[in-house]
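Coordinates from structure-v8.tsv are shown below (TSV, C-alpha atoms and all ligand atoms).
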```
chain	number	residue	atom	x	y	z
A	1	MET	CA	-20.16	4.03	20.90
A	2	LYS	CA	-22.39	3.64	17.84
A	3	LYS	CA	-21.15	6.99	16.55
A	4	LEU	CA	-17.55	5.99	17.06
A	5	LEU	CA	-18.08	2.70	15.20
A	6	LEU	CA	-19.75	4.55	12.33
A	7	ARG	CA	-16.85	6.98	12.28
A	8	TRP	CA	-14.43	4.08	11.87
A	9	PHE	CA	-16.42	1.89	9.50
A	10	ASP	CA	-18.32	4.36	7.30
A	11	ASN	CA	-16.19	7.05	5.72
A	12	GLU	CA	-19.20	8.89	4.29
A	13	TYR	CA	-20.56	9.32	7.81
A	14	ALA	CA	-17.15	10.28	9.17
A	15	THR	CA	-16.50	12.98	6.58
A	16	LYS	CA	-20.03	14.37	6.91
A	17	LYS	CA	-19.81	14.61	10.69
A	18	SER	CA	-16.33	15.92	11.12
A	19	GLN	CA	-15.82	19.59	10.54
A	20	ILE	CA	-12.20	20.17	9.85
A	21	LYS	CA	-11.17	22.74	12.42
A	22	ASP	CA	-7.46	22.40	11.95
A	23	PRO	CA	-6.41	20.63	8.73
A	24	GLN	CA	-2.95	19.93	10.14
A	25	ALA	CA	-4.22	18.44	13.40
A	26	ILE	CA	-3.87	14.72	14.08
A	27	ASP	CA	-7.33	13.13	14.07
A	28	TRP	CA	-6.98	11.17	17.33
A	29	ARG	CA	-10.44	9.60	17.34
A	30	ARG	CA	-9.88	8.19	13.87
A	31	ILE	CA	-6.46	6.75	14.55
A	32	VAL	CA	-7.24	4.55	17.54
A	33	PRO	CA	-7.27	1.49	15.20
A	34	PHE	CA	-3.81	2.51	13.92
A	35	ILE	CA	-2.49	2.53	17.49
A	36	VAL	CA	-4.23	-0.78	18.28
A	37	LEU	CA	-2.56	-2.28	15.20
A	38	HIS	CA	0.87	-1.53	16.68
A	39	LEU	CA	0.00	-2.55	20.24
A	40	GLY	CA	-1.39	-5.85	18.91
A	41	CYS	CA	2.17	-6.93	18.06
A	42	LEU	CA	2.95	-7.05	21.78
A	43	MET	CA	0.67	-10.07	22.06
A	44	VAL	CA	3.59	-12.04	20.60
A	45	LEU	CA	4.93	-12.21	24.16
A	46	TRP	CA	1.87	-14.22	25.02
A	47	VAL	CA	1.35	-16.38	21.88
A	48	GLY	CA	5.03	-17.16	21.16
A	49	PHE	CA	6.66	-18.33	17.93
A	50	SER	CA	6.26	-21.28	15.59
A	51	TRP	CA	7.56	-21.81	12.05
A	52	THR	CA	3.99	-22.19	10.86
A	53	ALA	CA	3.23	-18.70	12.20
A	54	PHE	CA	6.37	-17.37	10.50
A	55	TRP	CA	5.32	-18.69	7.07
A	56	VAL	CA	1.79	-17.38	7.57
A	57	MET	CA	3.29	-13.96	8.38
A	58	LEU	CA	5.48	-14.03	5.26
A	59	MET	CA	2.63	-15.06	2.94
A	60	SER	CA	0.32	-12.46	4.49
A	61	TYR	CA	3.00	-9.81	3.91
A	62	LEU	CA	3.74	-10.83	0.32
A	63	ILE	CA	0.22	-11.17	-1.03
A	64	ARG	CA	-0.91	-7.84	0.41
A	65	MET	CA	2.30	-6.07	-0.64
A	66	PHE	CA	1.67	-7.37	-4.15
A	67	ALA	CA	-1.93	-6.08	-4.01
A	68	ILE	CA	-0.63	-2.64	-2.97
A	69	THR	CA	2.22	-2.34	-5.46
A	70	ALA	CA	0.71	-4.08	-8.49
A	71	PHE	CA	-2.91	-3.01	-8.07
A	72	PHE	CA	-3.33	0.01	-5.75
A	73	HIS	CA	-0.27	1.61	-7.30
A	74	ARG	CA	0.38	0.37	-10.84
A	75	PHE	CA	-3.21	-0.49	-11.79
A	76	PHE	CA	-5.63	1.79	-9.90
A	77	SER	CA	-3.34	4.84	-9.61
A	78	HIS	CA	-1.51	4.65	-12.93
A	79	LYS	CA	-3.54	2.39	-15.22
A	80	SER	CA	-0.30	0.82	-16.39
A	81	PHE	CA	-2.01	-2.41	-17.52
A	82	GLN	CA	-5.43	-3.90	-18.14
A	83	ALA	CA	-7.05	-6.49	-15.86
A	84	LYS	CA	-10.15	-8.64	-15.77
A	85	LYS	CA	-12.79	-7.08	-13.54
A	86	TRP	CA	-12.84	-9.96	-11.03
A	87	VAL	CA	-9.04	-9.81	-10.76
A	88	ALA	CA	-9.02	-6.05	-10.13
A	89	ARG	CA	-11.85	-6.30	-7.61
A	90	SER	CA	-10.22	-9.23	-5.78
A	91	PHE	CA	-6.97	-7.33	-5.40
A	92	ALA	CA	-8.91	-4.22	-4.36
A	93	VAL	CA	-10.23	-6.27	-1.43
A	94	ILE	CA	-6.85	-7.86	-0.60
A	95	GLY	CA	-5.15	-4.46	-0.84
A	96	THR	CA	-7.73	-2.90	1.46
A	97	ALA	CA	-6.99	-5.68	3.98
A	98	ALA	CA	-3.45	-4.25	4.04
A	99	THR	CA	-4.89	-1.47	6.24
A	100	GLN	CA	-3.75	1.44	4.06
A	101	ARG	CA	-7.31	2.69	3.42
A	102	GLY	CA	-9.30	1.92	0.24
A	103	PRO	CA	-8.27	1.91	-3.45
A	104	LEU	CA	-9.87	5.28	-4.27
A	105	TRP	CA	-8.33	7.08	-1.29
A	106	TRP	CA	-4.93	5.53	-2.03
A	107	ALA	CA	-5.00	6.32	-5.76
A	108	ALA	CA	-6.29	9.90	-5.25
A	109	HIS	CA	-3.46	10.73	-2.83
A	110	HIS	CA	-0.91	9.03	-5.02
A	111	ARG	CA	-1.97	10.89	-8.18
A	112	HIS	CA	-1.71	14.12	-6.19
A	113	HIS	CA	1.83	13.12	-5.14
A	114	HIS	CA	2.96	12.71	-8.76
A	115	ILE	CA	1.63	16.16	-9.70
A	116	HIS	CA	3.24	17.94	-6.71
A	117	SER	CA	6.20	15.66	-5.99
A	118	ASP	CA	8.53	17.27	-3.42
A	119	GLN	CA	6.78	20.63	-3.78
A	120	ASP	CA	4.77	22.44	-1.09
A	121	GLY	CA	1.52	20.76	-2.16
A	122	ASP	CA	2.96	17.23	-1.73
A	123	ALA	CA	1.32	15.81	1.41
A	124	HIS	CA	4.26	13.52	2.14
A	125	ALA	CA	7.31	15.40	0.90
A	126	PRO	CA	10.30	14.61	3.13
A	127	LYS	CA	11.20	18.30	3.13
A	128	HIS	CA	8.35	18.69	5.64
A	129	GLY	CA	10.10	16.27	7.99
A	130	PHE	CA	10.76	12.53	8.05
A	131	TRP	CA	7.84	11.58	10.30
A	132	ASN	CA	5.43	13.67	8.28
A	133	SER	CA	6.45	11.92	5.06
A	134	HIS	CA	6.46	8.50	6.71
A	135	MET	CA	3.11	8.45	8.52
A	136	LEU	CA	1.93	11.69	10.13
A	137	TRP	CA	0.56	12.96	6.81
A	138	PHE	CA	-2.25	10.40	6.63
A	139	LEU	CA	-3.11	10.83	10.30
A	140	ARG	CA	-3.96	14.51	9.71
A	141	GLU	CA	-7.56	15.66	9.38
A	142	GLU	CA	-7.04	17.20	5.94
A	143	ASN	CA	-5.88	13.93	4.37
A	144	PHE	CA	-8.62	11.69	5.70
A	145	LYS	CA	-11.15	12.31	2.94
A	146	THR	CA	-11.03	10.59	-0.47
A	147	ASN	CA	-10.57	13.29	-3.11
A	148	LYS	CA	-13.17	11.96	-5.56
A	149	ALA	CA	-12.29	14.53	-8.24
A	150	LYS	CA	-8.95	12.78	-8.71
A	151	VAL	CA	-10.45	9.29	-9.15
A	152	LYS	CA	-13.52	9.85	-11.36
A	153	ASP	CA	-12.52	6.86	-13.48
A	154	LEU	CA	-12.38	4.48	-10.50
A	155	SER	CA	-15.65	5.89	-9.10
A	156	GLN	CA	-17.46	4.35	-12.09
A	157	ASP	CA	-17.28	0.96	-10.36
A	158	PRO	CA	-19.82	0.88	-7.46
A	159	PHE	CA	-17.98	-2.09	-5.93
A	160	LEU	CA	-14.76	-0.10	-5.56
A	161	VAL	CA	-16.70	2.87	-4.16
A	162	TRP	CA	-18.32	0.61	-1.54
A	163	VAL	CA	-14.99	-0.98	-0.55
A	164	ASP	CA	-13.43	2.48	-0.26
A	165	ARG	CA	-16.31	3.77	1.86
A	166	HIS	CA	-16.10	0.89	4.35
A	167	ASP	CA	-12.36	0.23	4.14
A	168	MET	CA	-11.92	-0.60	7.83
A	169	LEU	CA	-14.20	-3.57	7.50
A	170	PHE	CA	-11.69	-5.51	5.41
A	171	PRO	CA	-8.71	-5.60	7.80
A	172	VAL	CA	-11.09	-6.69	10.58
A	173	LEU	CA	-12.56	-9.50	8.47
A	174	TYR	CA	-9.09	-10.54	7.33
A	175	ALA	CA	-7.83	-10.69	10.92
A	176	LEU	CA	-10.85	-12.77	11.98
A	177	LEU	CA	-10.34	-15.09	9.01
A	178	LEU	CA	-6.72	-15.70	10.03
A	179	TRP	CA	-7.82	-16.42	13.58
A	180	ALA	CA	-10.49	-18.88	12.40
A	181	VAL	CA	-8.32	-20.71	9.85
A	182	GLY	CA	-5.45	-20.84	12.37
A	183	SER	CA	-7.73	-22.39	14.97
A	184	VAL	CA	-8.85	-25.10	12.55
A	185	TYR	CA	-5.25	-25.73	11.45
A	186	ALA	CA	-4.11	-26.04	15.08
A	187	ALA	CA	-6.89	-28.54	15.77
A	188	VAL	CA	-6.10	-30.66	12.69
A	189	PHE	CA	-2.30	-30.50	13.11
A	190	PRO	CA	-1.66	-30.30	16.86
A	191	THR	CA	2.05	-31.15	16.40
A	192	ALA	CA	2.59	-27.83	14.53
A	193	GLY	CA	2.56	-26.10	17.91
A	194	THR	CA	0.49	-23.19	16.68
A	195	SER	CA	-2.88	-21.64	17.54
A	196	GLY	CA	-5.55	-19.38	16.10
A	197	LEU	CA	-4.29	-16.48	18.21
A	198	GLN	CA	-0.74	-17.05	16.99
A	199	TRP	CA	-1.98	-16.81	13.38
A	200	LEU	CA	-3.81	-13.59	14.28
A	201	VAL	CA	-0.75	-12.01	15.89
A	202	TRP	CA	1.83	-13.07	13.27
A	203	GLY	CA	-0.44	-13.13	10.21
A	204	TYR	CA	-2.26	-9.90	10.88
A	205	PHE	CA	-0.62	-7.65	13.49
A	206	ILE	CA	3.09	-8.27	12.86
A	207	ALA	CA	2.76	-8.77	9.08
A	208	THR	CA	0.63	-5.62	8.74
A	209	VAL	CA	2.95	-3.42	10.80
A	210	LEU	CA	5.94	-4.59	8.71
A	211	LEU	CA	4.02	-4.18	5.46
A	212	SER	CA	2.80	-0.72	6.45
A	213	HIS	CA	6.14	0.73	7.48
A	214	VAL	CA	7.95	-0.76	4.49
A	215	THR	CA	5.31	0.80	2.20
A	216	TYR	CA	5.67	4.16	3.97
A	217	THR	CA	9.41	4.18	3.24
A	218	ILE	CA	8.61	4.79	-0.43
A	219	ASN	CA	7.27	8.19	0.59
A	220	SER	CA	9.89	8.89	3.25
A	221	LEU	CA	13.19	7.18	2.34
A	222	SER	CA	12.75	6.80	-1.45
A	223	HIS	CA	12.80	10.58	-1.82
A	224	VAL	CA	16.00	10.85	0.27
A	225	PHE	CA	18.26	7.75	0.03
A	226	GLY	CA	19.58	6.06	-3.10
A	227	THR	CA	20.69	7.07	-6.56
A	228	GLN	CA	19.11	9.10	-9.33
A	229	ASP	CA	19.47	7.71	-12.83
A	230	TYR	CA	16.94	10.06	-14.40
A	231	GLU	CA	16.20	13.77	-14.26
A	232	THR	CA	12.68	13.86	-12.84
A	233	GLY	CA	12.54	17.35	-11.33
A	234	ASP	CA	12.08	15.89	-7.84
A	235	GLU	CA	14.08	14.00	-5.21
A	236	SER	CA	12.93	10.46	-6.09
A	237	ARG	CA	15.65	7.78	-5.77
A	238	ASN	CA	16.40	4.16	-6.63
A	239	HIS	CA	17.44	1.81	-3.83
A	240	TRP	CA	17.89	-1.95	-4.27
A	241	LEU	CA	16.99	-2.89	-0.69
A	242	LEU	CA	13.72	-0.97	-0.74
A	243	ALA	CA	13.03	-2.52	-4.15
A	244	VAL	CA	13.41	-6.03	-2.71
A	245	LEU	CA	11.30	-5.31	0.38
A	246	THR	CA	8.53	-3.57	-1.58
A	247	LEU	CA	8.53	-6.04	-4.50
A	248	GLY	CA	9.81	-3.44	-6.95
A	249	GLU	CA	8.67	-0.04	-5.67
A	250	GLY	CA	12.17	0.93	-4.56
A	251	TRP	CA	13.03	1.79	-8.18
A	252	HIS	CA	11.26	5.02	-7.37
A	253	ASN	CA	13.38	7.34	-9.50
A	254	ASN	CA	12.64	5.08	-12.48
A	255	HIS	CA	8.97	5.26	-11.56
A	256	HIS	CA	8.89	9.06	-11.35
A	257	CYS	CA	10.67	9.15	-14.70
A	258	TYR	CA	8.02	7.00	-16.39
A	259	PRO	CA	4.98	6.57	-14.06
A	260	GLY	CA	2.82	4.93	-16.75
A	261	SER	CA	5.04	1.85	-16.99
A	262	ALA	CA	3.88	-1.41	-15.41
A	263	ARG	CA	7.53	-2.25	-14.96
A	264	GLN	CA	9.65	-0.27	-12.48
A	265	GLY	CA	12.98	-2.10	-12.68
A	266	PHE	CA	14.19	-0.83	-16.06
A	267	LYS	CA	17.52	-2.69	-16.15
A	268	THR	CA	17.72	-6.49	-16.16
A	269	TRP	CA	19.42	-6.58	-12.74
A	270	GLN	CA	16.83	-4.26	-11.18
A	271	ILE	CA	14.68	-6.91	-9.52
A	272	ASP	CA	10.98	-6.10	-9.70
A	273	ILE	CA	9.06	-9.02	-8.23
A	274	SER	CA	5.61	-7.47	-8.77
A	275	TYR	CA	6.33	-7.05	-12.47
A	276	SER	CA	7.50	-10.67	-12.72
A	277	ALA	CA	4.27	-11.77	-11.01
A	278	LEU	CA	2.24	-9.60	-13.38
A	279	LYS	CA	3.95	-11.25	-16.37
A	280	LEU	CA	2.93	-14.61	-14.92
A	281	MET	CA	-0.66	-13.39	-14.51
A	282	ALA	CA	-0.55	-12.17	-18.12
A	283	LYS	CA	0.24	-15.75	-19.20
A	284	LEU	CA	-2.97	-16.83	-17.43
A	285	GLY	CA	-4.88	-14.09	-19.27
A	286	TRP	CA	-5.83	-12.27	-16.03
A	287	VAL	CA	-3.98	-9.09	-17.00
A	288	TRP	CA	-2.72	-7.76	-20.33
A	289	GLU	CA	-1.18	-4.74	-22.11
A	290	LEU	CA	1.57	-4.28	-19.51
A	291	LYS	CA	2.89	-0.87	-20.51
A	292	GLN	CA	6.63	-0.43	-21.02
A	293	PRO	CA	8.77	2.70	-20.64
A	294	ASN	CA	9.44	4.60	-23.85
A	295	PRO	CA	13.21	4.30	-24.59
A	296	VAL	CA	13.25	7.76	-26.22
A	297	VAL	CA	11.91	9.37	-23.03
A	298	LEU	CA	14.32	7.38	-20.85
A	299	ASN	CA	17.23	8.42	-23.04
A	300	LYS	CA	16.23	12.07	-22.84
A	301	LYS	CA	15.93	12.05	-19.06
A	302	ARG	CA	19.00	9.91	-18.31
A	303	ILE	CA	21.59	11.60	-16.09
A	304	ARG	CA	24.72	10.98	-18.16
A	305	SER	CA	27.37	11.42	-15.47
A	306	ARG	CA	25.83	8.64	-13.36
A	307	ALA	CA	24.51	6.32	-16.03
B	401	ZN	ZN	7.35	9.52	-5.08
B	402	ZN	ZN	3.25	6.26	-8.69
```
Let me see the structure of the file written as structure tokens.
Ligand SMILES: [Zn+2]
Ligand SMILES: [Zn+2]
Amino acid sequence: MKKLLLRWFDNEYATKKSQIKDPQAIDWRRIVPFIVLHLGCLMVLWVGFSWTAFWVMLMSYLIRMFAITAFFHRFFSHKSFQAKKWVARSFAVIGTAATQRGPLWWAAHHRHHHIHSDQDGDAHAPKHGFWNSHMLWFLREENFKTNKAKVKDLSQDPFLVWVDRHDMLFPVLYALLLWAVGSVYAAVFPTAGTSGLQWLVWGYFIATVLLSHVTYTINSLSHVFGTQDYETGDESRNHWLLAVLTLGEGWHNNHHCYPGSARQGFKTWQIDISYSALKLMAKLGWVWELKQPNPVVLNKKRIRSRA
């Protein structure tokens, strides 16, 4: 049992102990928590619904989606803006609570994706099958390890390295926090008809499953469905619905055209909620130098017949 816990909660231990026999094989021992995450949603049959639980679920979804899109993606992976250290570290923790591994693992895989997009080396290219691009890719043995060579810059911060090493700790603490705060809330406001367990189920299990699968669609659906405004040499697409659900990531063809931009909705009607939130944070002085796409590059890559 101790070994299994170490395997889940200490990635250094897990990568040292596991010898990759078959890189393509699904690492079943590692993914028990991933299965538990999905099964946890079934507890809704037991805890029921309340509007309080619904709003907790929505907030839990939005804040962690923002941490993933604005920080794991636009900040840690692409360095598309500057941020105060405490802000970056806080969102590293919140993003890790989204249960998509740690910031170094996430950024290393994502940088690899941009180099090999839709080619054989792309771990989640839809040409290798929908389910592979959606979720099987990160359940495979070969993709478990953090490729440190790709994130040397981020490895300079020992805090980020520690969070990345013990990434599983954060979703567990987050879930317990929701349970505890929900229990206090239910005791103080008994007429709300909620409970600590209801906060746990809606705020962690349901919100996390939704957040996870919506994020995965950027790898699976955003390279298949939607329109291409720019010639990017890959299959990346723009889709308004995915952009709304992912707070701006659905403008994925735009993003592959100019990955260094903090903004992904290039046209005024292309709603990019994360970018709007970043502009608000810039007013507070928490982030700055939000990089913009270069109009000359956009003009060069624009697909005329569809523009
Ligand atoms: Zn992509
Ligand atoms: Zn990217």
Query raised in the report: Of the candidates A:Val209, A:Leu139, A:Ala125, A:Leu241, which one gets nearest to ligand ZN 401 (chain B) if we count all atoms listed in the file?
Result: A:Ala125
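For ligand ZN 402 (chain B), the neighbouring protein, DNA and RNA residues, which are those within 9 Å when all atoms listed in the file are counted, are A:His73, A:Arg74, A:Ser77, A:His78, A:Ala107, A:His110, A:Arg111, A:His113, A:His114, A:Glu249, A:His252, A:His255, A:His256, A:Pro259, A:Gly260.
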Report task. Write out as JSON, numbers by chain which residues come within 6 Å of region 275-289 of chain A when counting all atoms listed in the file, dropping same-chain ones fewer than 5 positions away. Result -> {"A": [81, 82, 83, 84, 263]}
Output file for the residues above (C-alpha atoms, as an mmCIF file, in the frame of the given file):
```
data_model
loop_
_atom_site.group_PDB
_atom_site.id
_atom_site.type_symbol
_atom_site.label_atom_id
_atom_site.label_comp_id
_atom_site.auth_asym_id
_atom_site.auth_seq_id
_atom_site.Cartn_x
_atom_site.Cartn_y
_atom_site.Cartn_z
ATOM 1 C CA PHE A 81 -2.010 -2.410 -17.520
ATOM 2 C CA GLN A 82 -5.430 -3.900 -18.140
ATOM 3 C CA ALA A 83 -7.050 -6.490 -15.860
ATOM 4 C CA LYS A 84 -10.150 -8.640 -15.770
ATOM 5 C CA ARG A 263 7.530 -2.250 -14.960
#
```
Query raised in the report: Quick one: residues within 12 Å of ligand ZN 401 (chain B), with all atoms listed in the file, as a PyMOL selection string?
Result: chain A and resi 73+109-119+122-126+133-134+215-224+232-238+249-259
Prev. selection, C-alpha atoms, output as a tab-separated table (two decimals), in the coordinates of the input:
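again-v2.tsv, written as the output of this step:
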```
chain	number	residue	atom	x	y	z
A	73	HIS	CA	-0.27	1.61	-7.30
A	109	HIS	CA	-3.46	10.73	-2.83
A	110	HIS	CA	-0.91	9.03	-5.02
A	111	ARG	CA	-1.97	10.89	-8.18
A	112	HIS	CA	-1.71	14.12	-6.19
A	113	HIS	CA	1.83	13.12	-5.14
A	114	HIS	CA	2.96	12.71	-8.76
A	115	ILE	CA	1.63	16.16	-9.70
A	116	HIS	CA	3.24	17.94	-6.71
A	117	SER	CA	6.20	15.66	-5.99
A	118	ASP	CA	8.53	17.27	-3.42
A	119	GLN	CA	6.78	20.63	-3.78
A	122	ASP	CA	2.96	17.23	-1.73
A	123	ALA	CA	1.32	15.81	1.41
A	124	HIS	CA	4.26	13.52	2.14
A	125	ALA	CA	7.31	15.40	0.90
A	126	PRO	CA	10.30	14.61	3.13
A	133	SER	CA	6.45	11.92	5.06
A	134	HIS	CA	6.46	8.50	6.71
A	215	THR	CA	5.31	0.80	2.20
A	216	TYR	CA	5.67	4.16	3.97
A	217	THR	CA	9.41	4.18	3.24
A	218	ILE	CA	8.61	4.79	-0.43
A	219	ASN	CA	7.27	8.19	0.59
A	220	SER	CA	9.89	8.89	3.25
A	221	LEU	CA	13.19	7.18	2.34
A	222	SER	CA	12.75	6.80	-1.45
A	223	HIS	CA	12.80	10.58	-1.82
A	224	VAL	CA	16.00	10.85	0.27
A	232	THR	CA	12.68	13.86	-12.84
A	233	GLY	CA	12.54	17.35	-11.33
A	234	ASP	CA	12.08	15.89	-7.84
A	235	GLU	CA	14.08	14.00	-5.21
A	236	SER	CA	12.93	10.46	-6.09
A	237	ARG	CA	15.65	7.78	-5.77
A	238	ASN	CA	16.40	4.16	-6.63
A	249	GLU	CA	8.67	-0.04	-5.67
A	250	GLY	CA	12.17	0.93	-4.56
A	251	TRP	CA	13.03	1.79	-8.18
A	252	HIS	CA	11.26	5.02	-7.37
A	253	ASN	CA	13.38	7.34	-9.50
A	254	ASN	CA	12.64	5.08	-12.48
A	255	HIS	CA	8.97	5.26	-11.56
A	256	HIS	CA	8.89	9.06	-11.35
A	257	CYS	CA	10.67	9.15	-14.70
A	258	TYR	CA	8.02	7.00	-16.39
A	259	PRO	CA	4.98	6.57	-14.06
```
Query raised in the report: Contacts of region 32-34 of chain A at 10 Å or less, counting only C-alpha atoms, minus same-chain residues fewer than 2 places along, as a list in words?
Result: Trp8, Asp27, Trp28, Arg29, Arg30, Val36, Leu37, His38, Leu39, Thr99, Gln100, Leu139, Met168 and Val209 of chain A
Could you write out as lines of an AutoDock Vina configuration file the box around region 214-224 of chain A (axis-aligned, all atoms listed in the file, 8 Å on each side), with centre and edge lengths in Å to one decimal?
```
center_x = 10.7
center_y = 5.0
center_z = 1.3
size_x = 26.7
size_y = 27.6
size_z = 22.3
```
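Proximity to Thr146 (chain A) was assessed for A:Lys267, A:Thr15, A:Ala70, A:Ile20 counting all atoms listed in the file; the smallest distance is recorded for A:Thr15.
Nearest to Gln292 (chain A) of all the residues A:Gly265, A:Gly95, A:Gly182, A:Gly196 is A:Gly265, based on only C-alpha atoms.
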Query - Residue contacts of Asp153 (chain A) (10 Å, only C-alpha atoms) excluding same-chain residues fewer than 5 positions away, as a PyMOL selection string - result: chain A and resi 76+104+148
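Relative to CA of Ala97 (chain A), CA of Leu58 (chain A) is found at 15.1 Å.
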Query raised in the report: So how far away is CA of Ser60 (chain A) from CA of Leu178 (chain A), in Å?
Result: 9.5 Å
Report task. Determine the nearest neighbour of Leu242 (chain A) from the options A:Phe66, A:Tyr230, A:Phe159, A:Phe225, counting only C-alpha atoms. Result -> A:Phe225
Query raised in the report: Which distance in Å separates CA of Phe54 (chain A) and CA of Pro190 (chain A), to one decimal?
Result: 16.5 Å
Report task. Do a neighbour search on region 9-12 of chain A at 9 Å with all atoms listed in the file, toss out local chain neighbours closer than 3 positions, and write the hits as a count of residues only. Result -> 15
Query raised in the report: Quick one: residues within 9 Å of Ala92 (chain A), all atoms listed in the file counted, chain neighbours fewer than 6 positions away excluded, as a PyMOL selection string?
Result: chain A and resi 67-68+71-72+76+102-103+160+163
Expected file: the selected residues, C-alpha atoms, as a PDB file, keeping the file's coordinate frame:
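The resulting out_16.pdb:
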```
ATOM      1  CA  ALA A  67      -1.930  -6.080  -4.010  1.00  0.00           C
ATOM      2  CA  ILE A  68      -0.630  -2.640  -2.970  1.00  0.00           C
ATOM      3  CA  PHE A  71      -2.910  -3.010  -8.070  1.00  0.00           C
ATOM      4  CA  PHE A  72      -3.330   0.010  -5.750  1.00  0.00           C
ATOM      5  CA  PHE A  76      -5.630   1.790  -9.900  1.00  0.00           C
ATOM      6  CA  GLY A 102      -9.300   1.920   0.240  1.00  0.00           C
ATOM      7  CA  PRO A 103      -8.270   1.910  -3.450  1.00  0.00           C
ATOM      8  CA  LEU A 160     -14.760  -0.100  -5.560  1.00  0.00           C
ATOM      9  CA  VAL A 163     -14.990  -0.980  -0.550  1.00  0.00           C
TER      10      VAL A 163
END
```
Please, could N, CA and C atoms be added to region 219-233 of chain A and the result written as a compact mmCIF listing (two decimals), keeping the file's coordinate frame?
```txt
# COMPACT_ATOMS: atom_id res chain seq x y z
N ASN A 219 7.52 6.76 0.48
CA ASN A 219 7.27 8.19 0.59
C ASN A 219 8.37 8.90 1.38
N SER A 220 8.90 8.22 2.39
CA SER A 220 9.89 8.89 3.25
C SER A 220 11.30 8.68 2.71
N LEU A 221 11.79 7.42 2.70
CA LEU A 221 13.19 7.18 2.34
C LEU A 221 13.46 7.26 0.84
N SER A 222 12.49 6.84 0.00
CA SER A 222 12.75 6.80 -1.45
C SER A 222 12.82 8.19 -2.09
N HIS A 223 12.58 9.23 -1.30
CA HIS A 223 12.80 10.58 -1.82
C HIS A 223 14.02 11.20 -1.14
N VAL A 224 14.83 10.34 -0.45
CA VAL A 224 16.00 10.85 0.27
C VAL A 224 17.24 9.99 -0.02
N PHE A 225 17.11 8.65 0.16
CA PHE A 225 18.26 7.75 0.03
C PHE A 225 18.26 7.01 -1.30
N GLY A 226 19.46 6.83 -1.86
CA GLY A 226 19.58 6.06 -3.10
C GLY A 226 20.15 6.91 -4.21
N THR A 227 20.08 6.38 -5.42
CA THR A 227 20.69 7.07 -6.56
C THR A 227 19.62 7.56 -7.53
N GLN A 228 20.01 8.58 -8.29
CA GLN A 228 19.11 9.10 -9.33
C GLN A 228 19.71 8.80 -10.69
N ASP A 229 19.02 8.00 -11.47
CA ASP A 229 19.47 7.71 -12.83
C ASP A 229 18.82 8.64 -13.85
N TYR A 230 17.69 9.22 -13.45
CA TYR A 230 16.94 10.06 -14.40
C TYR A 230 16.61 11.42 -13.80
N GLU A 231 16.58 12.41 -14.66
CA GLU A 231 16.20 13.77 -14.26
C GLU A 231 14.67 13.82 -14.20
N THR A 232 14.14 13.90 -12.99
CA THR A 232 12.68 13.86 -12.84
C THR A 232 12.12 15.15 -12.26
N GLY A 233 13.01 16.09 -11.90
CA GLY A 233 12.54 17.35 -11.33
C GLY A 233 12.10 17.22 -9.88
```
